[in-house]
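Engineer: Structure: final20.tsv, TSV, C-alpha atoms.
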chain	number	residue	atom	x	y	z
A	292	MET	CA	113.03	85.64	47.92
A	293	ALA	CA	115.20	83.15	46.08
A	294	GLY	CA	115.96	84.47	42.62
A	295	GLY	CA	114.36	87.81	43.42
A	296	PRO	CA	114.96	90.95	45.42
A	297	ALA	CA	115.15	91.00	49.18
A	298	ALA	CA	111.78	90.81	50.88
A	299	SER	CA	111.10	94.52	51.36
A	300	ALA	CA	111.42	97.43	48.98
A	301	THR	CA	114.11	99.36	50.85
A	302	LEU	CA	117.15	98.75	52.98
A	303	ALA	CA	115.47	100.52	55.90
A	304	GLU	CA	112.43	98.26	55.70
A	305	ASN	CA	114.61	95.15	55.61
A	306	ASN	CA	116.55	96.42	58.61
A	307	GLU	CA	113.40	97.07	60.60
A	308	ALA	CA	112.17	93.54	59.89
A	309	MET	CA	115.57	92.23	61.03
A	310	PHE	CA	115.46	94.29	64.22
A	311	ARG	CA	112.01	92.88	65.04
A	312	LEU	CA	113.34	89.36	64.53
A	313	MET	CA	116.28	90.08	66.82
A	314	GLN	CA	113.90	91.22	69.55
A	315	GLU	CA	111.47	88.34	69.09
A	316	LYS	CA	113.89	85.43	68.68
A	317	ARG	CA	116.99	86.57	70.54
A	318	GLY	CA	115.67	88.94	73.20
A	319	VAL	CA	117.57	92.06	72.14
A	320	THR	CA	116.07	94.93	74.10
A	321	ALA	CA	114.30	97.96	72.68
A	322	ALA	CA	117.04	100.23	74.03
A	323	GLN	CA	119.71	98.13	72.36
A	324	ILE	CA	117.78	98.13	69.08
A	325	SER	CA	117.49	101.92	69.29
A	326	ARG	CA	121.27	102.27	69.47
A	327	ILE	CA	121.84	99.69	66.72
A	328	ARG	CA	119.32	101.49	64.49
A	329	GLN	CA	121.30	104.71	64.92
A	330	ILE	CA	124.50	102.94	63.81
A	331	PHE	CA	122.82	101.37	60.77
A	332	ASN	CA	121.02	104.56	59.78
A	333	ALA	CA	124.23	106.58	60.00
A	334	SER	CA	125.94	103.99	57.82
A	335	GLY	CA	123.35	104.14	55.07
A	336	MET	CA	124.60	100.78	53.76
A	337	ALA	CA	124.73	98.36	56.70
A	338	GLY	CA	122.10	95.66	56.36
A	339	GLN	CA	121.45	92.43	54.50
A	340	GLY	CA	122.54	93.79	51.13
A	341	ASN	CA	121.29	96.25	48.54
A	342	PRO	CA	117.74	95.04	47.86
A	343	ALA	CA	117.86	96.30	44.28
A	344	VAL	CA	120.55	93.82	43.24
A	345	THR	CA	120.69	91.11	45.92
A	346	ARG	CA	119.45	87.69	44.80
A	347	HIS	CA	119.54	85.13	47.57
A	348	PRO	CA	119.84	81.50	46.44
A	349	MET	CA	117.59	80.22	49.23
A	350	THR	CA	114.64	81.58	51.19
A	351	PRO	CA	114.39	81.30	54.98
A	352	ALA	CA	111.54	78.80	54.50
A	353	GLN	CA	113.67	76.66	52.20
A	354	ALA	CA	116.52	76.82	54.69
A	355	ALA	CA	114.25	75.87	57.59
A	356	ALA	CA	113.15	72.76	55.68
A	357	LYS	CA	116.76	71.49	55.90
A	358	VAL	CA	116.69	71.55	59.72
A	359	PRO	CA	114.80	68.99	61.85
A	360	GLY	CA	111.80	70.71	63.41
A	361	ASP	CA	111.65	74.37	64.41
A	362	PRO	CA	115.04	75.94	63.54
A	363	TYR	CA	114.74	78.48	66.33
A	364	GLN	CA	114.56	75.61	68.82
A	365	TYR	CA	116.90	73.26	66.97
A	366	TYR	CA	119.78	75.69	67.33
A	367	ARG	CA	119.17	76.45	71.00
A	368	ASN	CA	121.45	74.81	73.57
A	369	ALA	CA	120.41	74.96	77.20
A	370	GLN	CA	123.93	74.34	78.54
A	371	PHE	CA	125.40	77.04	76.33
A	372	GLU	CA	122.68	79.49	77.39
A	373	ARG	CA	123.49	78.89	81.06
A	374	ILE	CA	127.18	79.52	80.40
A	375	CYS	CA	126.86	82.43	77.98
A	376	GLY	CA	123.74	84.11	79.36
A	377	ARG	CA	122.35	84.70	75.85
A	378	LYS	CA	120.66	82.70	73.13
A	379	TYR	CA	122.62	81.43	70.13
A	380	MET	CA	126.07	81.76	71.63
A	381	ALA	CA	128.71	79.06	72.16
A	382	PRO	CA	131.44	78.91	74.83
A	383	LEU	CA	135.03	78.91	73.62
A	384	TYR	CA	137.50	76.62	75.38
A	385	ASP	CA	140.11	73.93	74.74
A	386	PRO	CA	138.42	70.49	74.91
A	387	ALA	CA	141.80	68.88	75.62
A	388	THR	CA	142.08	70.58	79.00
A	389	GLU	CA	138.76	72.31	79.75
A	390	ARG	CA	135.00	71.84	79.94
A	391	PRO	CA	132.42	74.17	78.36
A	392	GLN	CA	131.68	75.66	81.77
A	393	ASP	CA	135.34	76.68	82.09
A	394	ALA	CA	134.96	79.12	79.21
A	395	THR	CA	135.52	82.80	79.88
A	396	VAL	CA	134.24	83.99	76.51
A	397	CYS	CA	131.40	83.05	74.16
A	398	ILE	CA	130.92	83.64	70.44
A	399	ASP	CA	127.77	84.18	68.41
A	400	MET	CA	126.81	80.87	66.80
A	401	PHE	CA	125.97	82.68	63.56
A	402	GLU	CA	126.96	85.75	61.63
A	403	TYR	CA	125.14	88.89	62.74
A	404	PRO	CA	122.20	89.36	63.32
A	405	ASN	CA	122.80	85.94	64.95
A	406	VAL	CA	119.26	84.65	64.40
A	407	PRO	CA	118.77	81.31	62.63
A	408	MET	CA	117.38	81.63	59.11
A	409	ALA	CA	118.23	85.36	58.85
A	410	TYR	CA	120.50	86.65	56.10
A	411	PRO	CA	123.88	87.95	57.33
A	412	VAL	CA	124.54	91.66	57.70
A	413	THR	CA	127.07	93.02	55.19
A	414	TRP	CA	128.20	96.46	53.94
A	415	ILE	CA	129.19	97.23	57.51
A	416	SER	CA	132.56	98.69	58.45
A	417	ALA	CA	134.77	97.25	61.17
A	418	ARG	CA	134.08	100.33	63.28
A	419	GLU	CA	130.31	99.93	62.90
A	420	ALA	CA	130.60	96.21	63.68
A	421	ALA	CA	132.50	96.94	66.90
A	422	LEU	CA	129.95	99.60	67.89
A	423	THR	CA	127.05	97.24	67.15
A	424	CYS	CA	128.52	94.51	69.32
A	425	ALA	CA	129.06	97.04	72.12
A	426	ALA	CA	125.44	98.17	71.84
A	427	GLU	CA	124.43	94.63	72.85
A	428	GLY	CA	126.91	94.41	75.72
A	429	LYS	CA	129.23	92.28	73.60
A	430	ARG	CA	132.46	93.04	71.73
A	431	ILE	CA	134.34	92.32	68.54
A	432	GLY	CA	136.60	89.28	68.73
A	433	ASP	CA	140.36	88.97	68.53
A	434	ALA	CA	141.73	86.94	65.63
A	435	HIS	CA	142.85	84.04	67.83
A	436	GLU	CA	139.36	83.70	69.31
A	437	TRP	CA	137.73	83.33	65.89
A	438	GLU	CA	140.46	80.88	64.95
A	439	GLY	CA	139.82	78.84	68.07
A	440	ALA	CA	136.11	78.70	67.28
A	441	ALA	CA	136.88	77.51	63.74
A	442	ALA	CA	139.54	74.98	64.73
A	443	GLY	CA	137.51	73.57	67.63
A	444	ALA	CA	139.90	74.61	70.40
A	445	LEU	CA	140.53	78.05	71.88
A	446	LEU	CA	144.23	78.25	72.65
A	447	ALA	CA	146.29	80.90	74.41
A	448	PRO	CA	147.01	83.99	72.31
A	449	ASP	CA	150.17	83.60	70.24
A	450	TYR	CA	150.70	87.10	68.89
A	451	ARG	CA	154.40	87.74	68.28
A	452	PHE	CA	154.31	91.42	69.13
A	453	ASP	CA	158.10	91.41	69.32
A	454	LEU	CA	158.34	90.87	65.54
A	455	GLY	CA	157.24	94.43	65.06
A	456	SER	CA	155.02	94.36	61.95
A	457	HIS	CA	151.79	92.90	60.66
A	458	GLY	CA	153.60	91.06	57.87
A	459	ALA	CA	156.19	89.46	60.11
A	460	MET	CA	153.59	88.43	62.69
A	461	ARG	CA	151.35	86.96	60.01
A	462	SER	CA	154.16	85.02	58.34
A	463	TRP	CA	155.28	83.50	61.64
A	464	HIS	CA	151.73	82.54	62.60
A	465	ASN	CA	150.84	80.95	59.25
A	466	ALA	CA	154.11	79.03	59.15
A	467	LYS	CA	153.41	77.71	62.64
A	468	TRP	CA	149.92	76.45	61.80
A	469	GLY	CA	150.25	75.72	58.10
A	470	GLN	CA	151.38	72.12	58.57
A	471	SER	CA	148.29	71.22	60.59
A	472	LYS	CA	145.64	73.23	58.77
A	473	SER	CA	141.99	72.26	59.17
A	474	TRP	CA	138.51	73.56	58.46
A	475	THR	CA	135.53	73.77	60.77
A	476	TYR	CA	134.19	70.43	59.51
A	477	GLY	CA	137.46	68.48	59.29
A	478	PRO	CA	141.04	68.17	58.02
A	479	GLN	CA	140.25	68.47	54.29
A	480	TRP	CA	138.54	71.28	52.40
A	481	ARG	CA	135.25	70.07	50.89
A	482	ARG	CA	132.62	71.54	48.62
A	483	GLY	CA	128.96	71.46	49.50
A	484	ILE	CA	129.30	71.55	53.28
A	485	CYS	CA	128.88	75.29	53.90
A	486	ALA	CA	127.03	78.28	52.44
A	487	GLN	CA	129.48	78.66	49.55
A	488	ASN	CA	127.64	77.75	46.33
A	489	SER	CA	125.94	81.04	45.51
A	490	SER	CA	126.84	83.28	42.55
A	491	LYS	CA	128.04	86.83	42.16
A	492	SER	CA	125.73	89.35	40.55
A	493	PRO	CA	126.16	89.45	36.76
A	494	GLY	CA	128.68	92.15	36.01
A	495	CYS	CA	129.73	92.63	39.64
A	496	ASN	CA	132.70	94.90	39.15
A	497	GLY	CA	134.63	94.18	42.30
A	498	GLY	CA	132.53	95.76	44.97
A	499	SER	CA	130.08	98.52	44.09
A	500	TRP	CA	126.85	99.02	46.03
A	501	SER	CA	124.81	99.20	42.84
A	502	GLY	CA	126.54	96.31	41.05
A	503	CYS	CA	127.21	93.62	43.65
A	504	GLY	CA	124.43	91.86	45.50
A	505	THR	CA	124.84	90.22	48.89
A	506	ASN	CA	123.73	86.85	47.51
A	507	THR	CA	124.04	85.01	50.80
A	508	TYR	CA	122.16	82.08	52.33
A	509	PRO	CA	120.17	82.28	55.56
A	510	VAL	CA	122.48	81.49	58.47
A	511	GLY	CA	122.06	77.94	59.72
A	512	SER	CA	121.09	76.68	56.25
A	513	PHE	CA	123.91	74.14	56.44
A	514	PRO	CA	123.74	72.32	59.80
A	515	ASN	CA	126.91	70.35	59.00
A	516	CYS	CA	128.90	73.57	58.59
A	517	ARG	CA	129.64	73.39	62.30
A	518	SER	CA	132.86	73.56	64.22
A	519	GLY	CA	133.77	71.25	67.08
A	520	LEU	CA	132.70	73.98	69.50
A	521	GLY	CA	129.22	74.32	67.99
A	522	VAL	CA	129.76	77.46	65.89
A	523	TYR	CA	128.18	77.68	62.43
A	524	ASP	CA	128.93	79.31	59.08
A	525	LEU	CA	132.53	80.20	59.82
A	526	GLU	CA	133.16	79.16	56.23
A	527	GLY	CA	130.95	80.70	53.57
A	528	ASN	CA	128.20	83.32	53.62
A	529	ALA	CA	129.81	86.56	54.79
A	530	ALA	CA	133.48	86.94	55.55
A	531	GLU	CA	133.89	88.45	59.01
A	532	HIS	CA	135.57	91.47	60.58
A	533	MET	CA	137.84	90.68	63.53
A	534	ASN	CA	140.37	92.61	65.58
A	535	LEU	CA	144.07	91.87	65.09
A	536	PRO	CA	146.12	93.33	67.94
A	537	LEU	CA	149.59	94.56	67.10
A	538	ALA	CA	150.40	95.30	70.75
A	539	PRO	CA	149.19	93.86	74.08
A	540	GLY	CA	147.09	96.94	74.77
A	541	GLN	CA	145.02	96.35	71.62
A	542	MET	CA	143.56	92.98	72.62
A	543	ALA	CA	139.76	93.05	72.83
A	544	SER	CA	139.95	89.84	74.87
A	545	ARG	CA	141.83	91.78	77.56
A	546	GLY	CA	139.45	94.69	77.65
A	547	SER	CA	140.96	97.02	75.07
A	548	THR	CA	138.63	99.73	73.78
A	549	THR	CA	141.20	101.20	71.40
A	550	LEU	CA	141.66	97.90	69.50
A	551	GLY	CA	144.12	97.00	66.78
A	552	VAL	CA	143.84	96.61	63.04
A	553	THR	CA	141.32	94.89	60.82
A	554	GLU	CA	141.51	91.17	60.07
A	555	MET	CA	139.11	89.51	57.59
A	556	LYS	CA	138.14	85.97	58.56
A	557	GLY	CA	136.48	83.14	56.69
A	558	SER	CA	135.55	82.56	53.09
A	559	TRP	CA	132.55	84.02	51.25
A	560	PHE	CA	129.37	82.95	49.55
A	561	ILE	CA	130.89	81.80	46.23
A	562	TRP	CA	133.85	79.91	47.67
A	563	ASP	CA	132.82	76.57	46.13
A	564	LYS	CA	133.16	78.28	42.72
A	565	ILE	CA	135.95	80.83	43.20
A	566	ARG	CA	138.72	80.14	45.68
A	567	ALA	CA	140.35	83.54	45.64
A	568	HIS	CA	143.05	82.91	48.25
A	569	GLU	CA	144.03	80.56	51.04
A	570	GLU	CA	141.54	80.08	53.84
A	571	TRP	CA	141.59	77.65	56.77
A	572	ALA	CA	140.72	77.76	60.46
A	573	ARG	CA	143.83	79.45	61.85
A	574	TRP	CA	144.91	81.25	58.67
A	575	ARG	CA	145.60	84.98	58.92
A	576	ALA	CA	145.04	87.13	55.88
A	577	PRO	CA	147.22	89.80	54.30
A	578	PHE	CA	146.51	93.38	55.36
A	579	TRP	CA	143.65	93.72	52.85
A	580	HIS	CA	142.00	97.17	52.95
A	581	GLY	CA	143.73	97.42	56.32
A	582	THR	CA	143.00	100.16	58.85
A	583	ARG	CA	142.61	100.46	62.57
A	584	VAL	CA	139.36	98.72	63.53
A	585	LEU	CA	137.90	101.96	64.88
A	586	SER	CA	138.89	104.09	61.90
A	587	THR	CA	135.99	105.93	60.31
A	588	GLY	CA	137.43	104.77	56.99
A	589	SER	CA	137.45	101.06	57.81
A	590	HIS	CA	136.46	98.82	54.91
A	591	ARG	CA	132.99	97.59	53.97
A	592	ASN	CA	131.74	95.47	51.08
A	593	TYR	CA	128.98	93.20	49.83
A	594	HIS	CA	130.31	89.96	51.33
A	595	LEU	CA	131.89	91.19	54.57
A	596	GLY	CA	130.02	90.92	57.86
A	597	PHE	CA	130.84	90.05	61.47
A	598	ARG	CA	129.82	88.22	64.63
A	599	CYS	CA	130.11	89.24	68.27
A	600	PHE	CA	131.77	87.84	71.40
A	601	ARG	CA	130.83	88.12	75.06
A	602	ASP	CA	133.03	87.79	78.13
A	603	VAL	CA	131.30	85.67	80.76
A	604	LYS	CA	133.69	85.41	83.72
Could you express the structure from this file as structure tokens?

Structural biologist:
Amino acid sequence: MAGGPAASATLAENNEAMFRLMQEKRGVTAAQISRIRQIFNASGMAGQGNPAVTRHPMTPAQAAAKVPGDPYQYYRNAQFERICGRKYMAPLYDPATERPQDATVCIDMFEYPNVPMAYPVTWISAREAALTCAAEGKRIGDAHEWEGAAAGALLAPDYRFDLGSHGAMRSWHNAKWGQSKSWTYGPQWRRGICAQNSSKSPGCNGGSWSGCGTNTYPVGSFPNCRSGLGVYDLEGNAAEHMNLPLAPGQMASRGSTTLGVTEMKGSWFIWDKIRAHEEWARWRAPFWHGTRVLSTGSHRNYHLGFRCFRDVK
């Protein structure tokens, strides 16, 4: 509840309620839920935050009141569902040269669990995120795919593998796009548009499970926090794990199962109050807490989540 603990007494109870919602509203199968439950149980932390310290600024009911009608129907898109084959996904394409039906990949409209009015999953490692997407027949996204969703146009990959290092590739990319930076909602950064006005837990010491609550909003609470391709909450709420390939064979978008290194995308739930670093649609971050995506030691924290992608052609 807003101002109080998460709805159930334990992380496991909250996760079970989330799994039921995923089945009911999104059609995730019992077999898929069984595999996802194994991943979350093995993690011991993956879920919607530590219930003992999490204080959400808005309830799902309060969030639903901001959306015209039934939010579960409001966020459905019949054309997208025909293209993507799943609820609450959006096709990625370049509107300058393509139509939605030309898309070969779709992205979850919302942060996982990708159900309107649900709180985002956090405290999940990049490895666990990739495994969870795979359990649903989806995959983790490459950095350029997330960037295309945020900027409103999926462009061809522009990884400069020849430069030989994460730092050199990042510097080249950010210099290329830095003169035309934009955000999901337009060319200027603005407060109050996305799920970014929450507060850290009092005394949050940088990232402990017991000290830092996942004080996120329900996804879809801010209908105007929408990219040109119909993807929500790319700014605010949870930051998001993505795959950054450092070689052609590490591109998830080309079928890699070995993957590259971790890339953290998006801002987080207190961004309107604390702007800790640069952040815009095609910005690539430093190698923060960097590992291979599939490393058992990949990073997790209280404001870091993910969303999934699905190849459709």

Engineer: Which is closer to Trp579 (chain A) than all the others in A:Pro362, A:Glu554, A:Ala387, A:Asn592, using only C-alpha atoms?

Structural biologist: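 For Trp579 (chain A), the nearest of the given residues is A:Glu554.
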
Engineer: Between A:Cys516, A:Val396, A:Ile565, A:Ala409, which one has atoms that come closest to Gln353 (chain A), using all atoms listed in the file?

Structural biologist: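 Between A:Cys516, A:Val396, A:Ile565, A:Ala409, the residue approaching Gln353 (chain A) most closely is A:Ala409.
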
Engineer: Between CA of Pro404 (chain A) and CA of Val603 (chain A), what is the distance in Å, rounded to a tenth?

Structural biologist: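 Separation of CA of Pro404 (chain A) and CA of Val603 (chain A): 20.0 Å.
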
Engineer: Here is a test: counting all atoms listed in the file, which residue of A:Glu531, A:Asp563, A:Glu315, A:Glu570 is nearest to Val412 (chain A)?

Structural biologist: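 Closest candidate: A:Glu531.
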
Engineer: With all atoms listed in the file as the atoms that count, which of A:Gly540, A:Gly519, A:Pro359, A:Gly494 lies nearest to Asp385 (chain A)?

Structural biologist: A:Gly519

Engineer: Between CA of Ser416 (chain A) and CA of Arg591 (chain A), measure the distance and give it in Å to one decimal.

Structural biologist: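 Taking CA of Ser416 (chain A) and CA of Arg591 (chain A), their separation equals 4.6 Å.
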
Engineer: Tell me which residues come within 9 Å of (138.4, 84.1, 59.3), as an MDAnalysis selection string, counting only C-alpha atoms in the file's coordinates.

Structural biologist: chainID A and resid 434 437:438 441 525:526 530:533 554:558 570:576

Engineer: Generate the output file for the selected residues, C-alpha atoms, as a PDB file, in the coordinates of the input.

Structural biologist:
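Everything below was put into result-v2.pdb:
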ATOM      1  CA  ALA A 434     141.730  86.940  65.630  1.00  0.00           C
ATOM      2  CA  TRP A 437     137.730  83.330  65.890  1.00  0.00           C
ATOM      3  CA  GLU A 438     140.460  80.880  64.950  1.00  0.00           C
ATOM      4  CA  ALA A 441     136.880  77.510  63.740  1.00  0.00           C
ATOM      5  CA  LEU A 525     132.530  80.200  59.820  1.00  0.00           C
ATOM      6  CA  GLU A 526     133.160  79.160  56.230  1.00  0.00           C
ATOM      7  CA  ALA A 530     133.480  86.940  55.550  1.00  0.00           C
ATOM      8  CA  GLU A 531     133.890  88.450  59.010  1.00  0.00           C
ATOM      9  CA  HIS A 532     135.570  91.470  60.580  1.00  0.00           C
ATOM     10  CA  MET A 533     137.840  90.680  63.530  1.00  0.00           C
ATOM     11  CA  GLU A 554     141.510  91.170  60.070  1.00  0.00           C
ATOM     12  CA  MET A 555     139.110  89.510  57.590  1.00  0.00           C
ATOM     13  CA  LYS A 556     138.140  85.970  58.560  1.00  0.00           C
ATOM     14  CA  GLY A 557     136.480  83.140  56.690  1.00  0.00           C
ATOM     15  CA  SER A 558     135.550  82.560  53.090  1.00  0.00           C
ATOM     16  CA  GLU A 570     141.540  80.080  53.840  1.00  0.00           C
ATOM     17  CA  TRP A 571     141.590  77.650  56.770  1.00  0.00           C
ATOM     18  CA  ALA A 572     140.720  77.760  60.460  1.00  0.00           C
ATOM     19  CA  ARG A 573     143.830  79.450  61.850  1.00  0.00           C
ATOM     20  CA  TRP A 574     144.910  81.250  58.670  1.00  0.00           C
ATOM     21  CA  ARG A 575     145.600  84.980  58.920  1.00  0.00           C
ATOM     22  CA  ALA A 576     145.040  87.130  55.880  1.00  0.00           C
TER      23      ALA A 576
END

Engineer: For a quick check of understanding, using all atoms listed in the file, which of A:Gly521, A:Gly477, A:Gly428, A:Gly458 has the smallest distance to Ile324 (chain A)?

Structural biologist: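 Result for the nearest residue to Ile324 (chain A): A:Gly428.
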
Engineer: Rank A:Lys316, A:Arg482, A:Arg373, A:Arg451 by their smallest atom-to-atom distance to Asn405 (chain A), using all atoms listed in the file, and report the top residue only.

Structural biologist: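 Checking each of A:Lys316, A:Arg482, A:Arg373, A:Arg451 against Asn405 (chain A), counting all atoms listed in the file, the winner is A:Lys316.
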
Engineer: What does the structure give for the distance between CA of Asn368 (chain A) and CA of Leu446 (chain A), in Å to one decimal?

Structural biologist: 23.1 Å

Engineer: For region 331-344 of chain A, find every residue with an atom within 8 Å (counting all atoms listed in the file), except residues of its own chain fewer than 3 positions away, and show them as a tab-separated table (two decimals) with C-alpha atoms, in the coordinates of the input.

Structural biologist:
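Done, and the output landed in selection_26.tsv:
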chain	number	residue	atom	x	y	z
A	296	PRO	CA	114.96	90.95	45.42
A	297	ALA	CA	115.15	91.00	49.18
A	298	ALA	CA	111.78	90.81	50.88
A	299	SER	CA	111.10	94.52	51.36
A	300	ALA	CA	111.42	97.43	48.98
A	301	THR	CA	114.11	99.36	50.85
A	302	LEU	CA	117.15	98.75	52.98
A	303	ALA	CA	115.47	100.52	55.90
A	305	ASN	CA	114.61	95.15	55.61
A	306	ASN	CA	116.55	96.42	58.61
A	327	ILE	CA	121.84	99.69	66.72
A	328	ARG	CA	119.32	101.49	64.49
A	410	TYR	CA	120.50	86.65	56.10
A	411	PRO	CA	123.88	87.95	57.33
A	412	VAL	CA	124.54	91.66	57.70
A	413	THR	CA	127.07	93.02	55.19
A	414	TRP	CA	128.20	96.46	53.94
A	415	ILE	CA	129.19	97.23	57.51
A	419	GLU	CA	130.31	99.93	62.90
A	492	SER	CA	125.73	89.35	40.55
A	500	TRP	CA	126.85	99.02	46.03
A	501	SER	CA	124.81	99.20	42.84
A	502	GLY	CA	126.54	96.31	41.05
A	503	CYS	CA	127.21	93.62	43.65
A	504	GLY	CA	124.43	91.86	45.50
A	505	THR	CA	124.84	90.22	48.89
A	506	ASN	CA	123.73	86.85	47.51
A	593	TYR	CA	128.98	93.20	49.83

Engineer: Any idea what's packed within 12 Å of Arg545 (chain A), counting only C-alpha atoms, ignoring anything in its chain fewer than 4 positions away? Could you give it as a list in words?

Structural biologist: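 Listed by chain and then number, they are Thr395, Val396, Arg430, Ile431, Gly432, Asp433, Glu436, Pro448, Pro536, Ala538, Pro539, Gly540, Gln541, Thr549, Leu550, Arg601 and Asp602 of chain A.
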
Engineer: Please identify all polymer residues within 9 Å of Asp399 (chain A), counting all atoms listed in the file, omitting same-chain residues fewer than 4 positions from it, and present them as number ranges by chain.

Structural biologist: A: 378-381, 403, 405, 522-523, 598-601

Engineer: Neighbouring residues of Pro407 (chain A) were defined as those with any atom within 7 Å, considering only C-alpha atoms; residues of the same chain fewer than 4 positions away were excluded. Please report them as a ChimeraX atom specification.

Structural biologist: /A:362-363,510-511

Engineer: I want to know what sits within 12 Å of Lys357 (chain A), based on only C-alpha atoms, with residues of the same chain fewer than 4 positions away left out; could you give that as a list in words?

Structural biologist: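 Counting only C-alpha atoms, the residues come to Met349, Thr350, Pro351, Ala352, Gln353, Asp361, Pro362, Tyr365, Met408, Pro509, Val510, Gly511, Ser512, Phe513, Pro514 and Asn515 of chain A.
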
Engineer: Taking C-alpha atoms for each residue, export the selection above as an mmCIF file, in the frame of the given file.

Structural biologist:
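Result written to out35.cif:
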data_model
loop_
_atom_site.group_PDB
_atom_site.id
_atom_site.type_symbol
_atom_site.label_atom_id
_atom_site.label_comp_id
_atom_site.auth_asym_id
_atom_site.auth_seq_id
_atom_site.Cartn_x
_atom_site.Cartn_y
_atom_site.Cartn_z
ATOM 1 C CA MET A 349 117.590 80.220 49.230
ATOM 2 C CA THR A 350 114.640 81.580 51.190
ATOM 3 C CA PRO A 351 114.390 81.300 54.980
ATOM 4 C CA ALA A 352 111.540 78.800 54.500
ATOM 5 C CA GLN A 353 113.670 76.660 52.200
ATOM 6 C CA ASP A 361 111.650 74.370 64.410
ATOM 7 C CA PRO A 362 115.040 75.940 63.540
ATOM 8 C CA TYR A 365 116.900 73.260 66.970
ATOM 9 C CA MET A 408 117.380 81.630 59.110
ATOM 10 C CA PRO A 509 120.170 82.280 55.560
ATOM 11 C CA VAL A 510 122.480 81.490 58.470
ATOM 12 C CA GLY A 511 122.060 77.940 59.720
ATOM 13 C CA SER A 512 121.090 76.680 56.250
ATOM 14 C CA PHE A 513 123.910 74.140 56.440
ATOM 15 C CA PRO A 514 123.740 72.320 59.800
ATOM 16 C CA ASN A 515 126.910 70.350 59.000
#
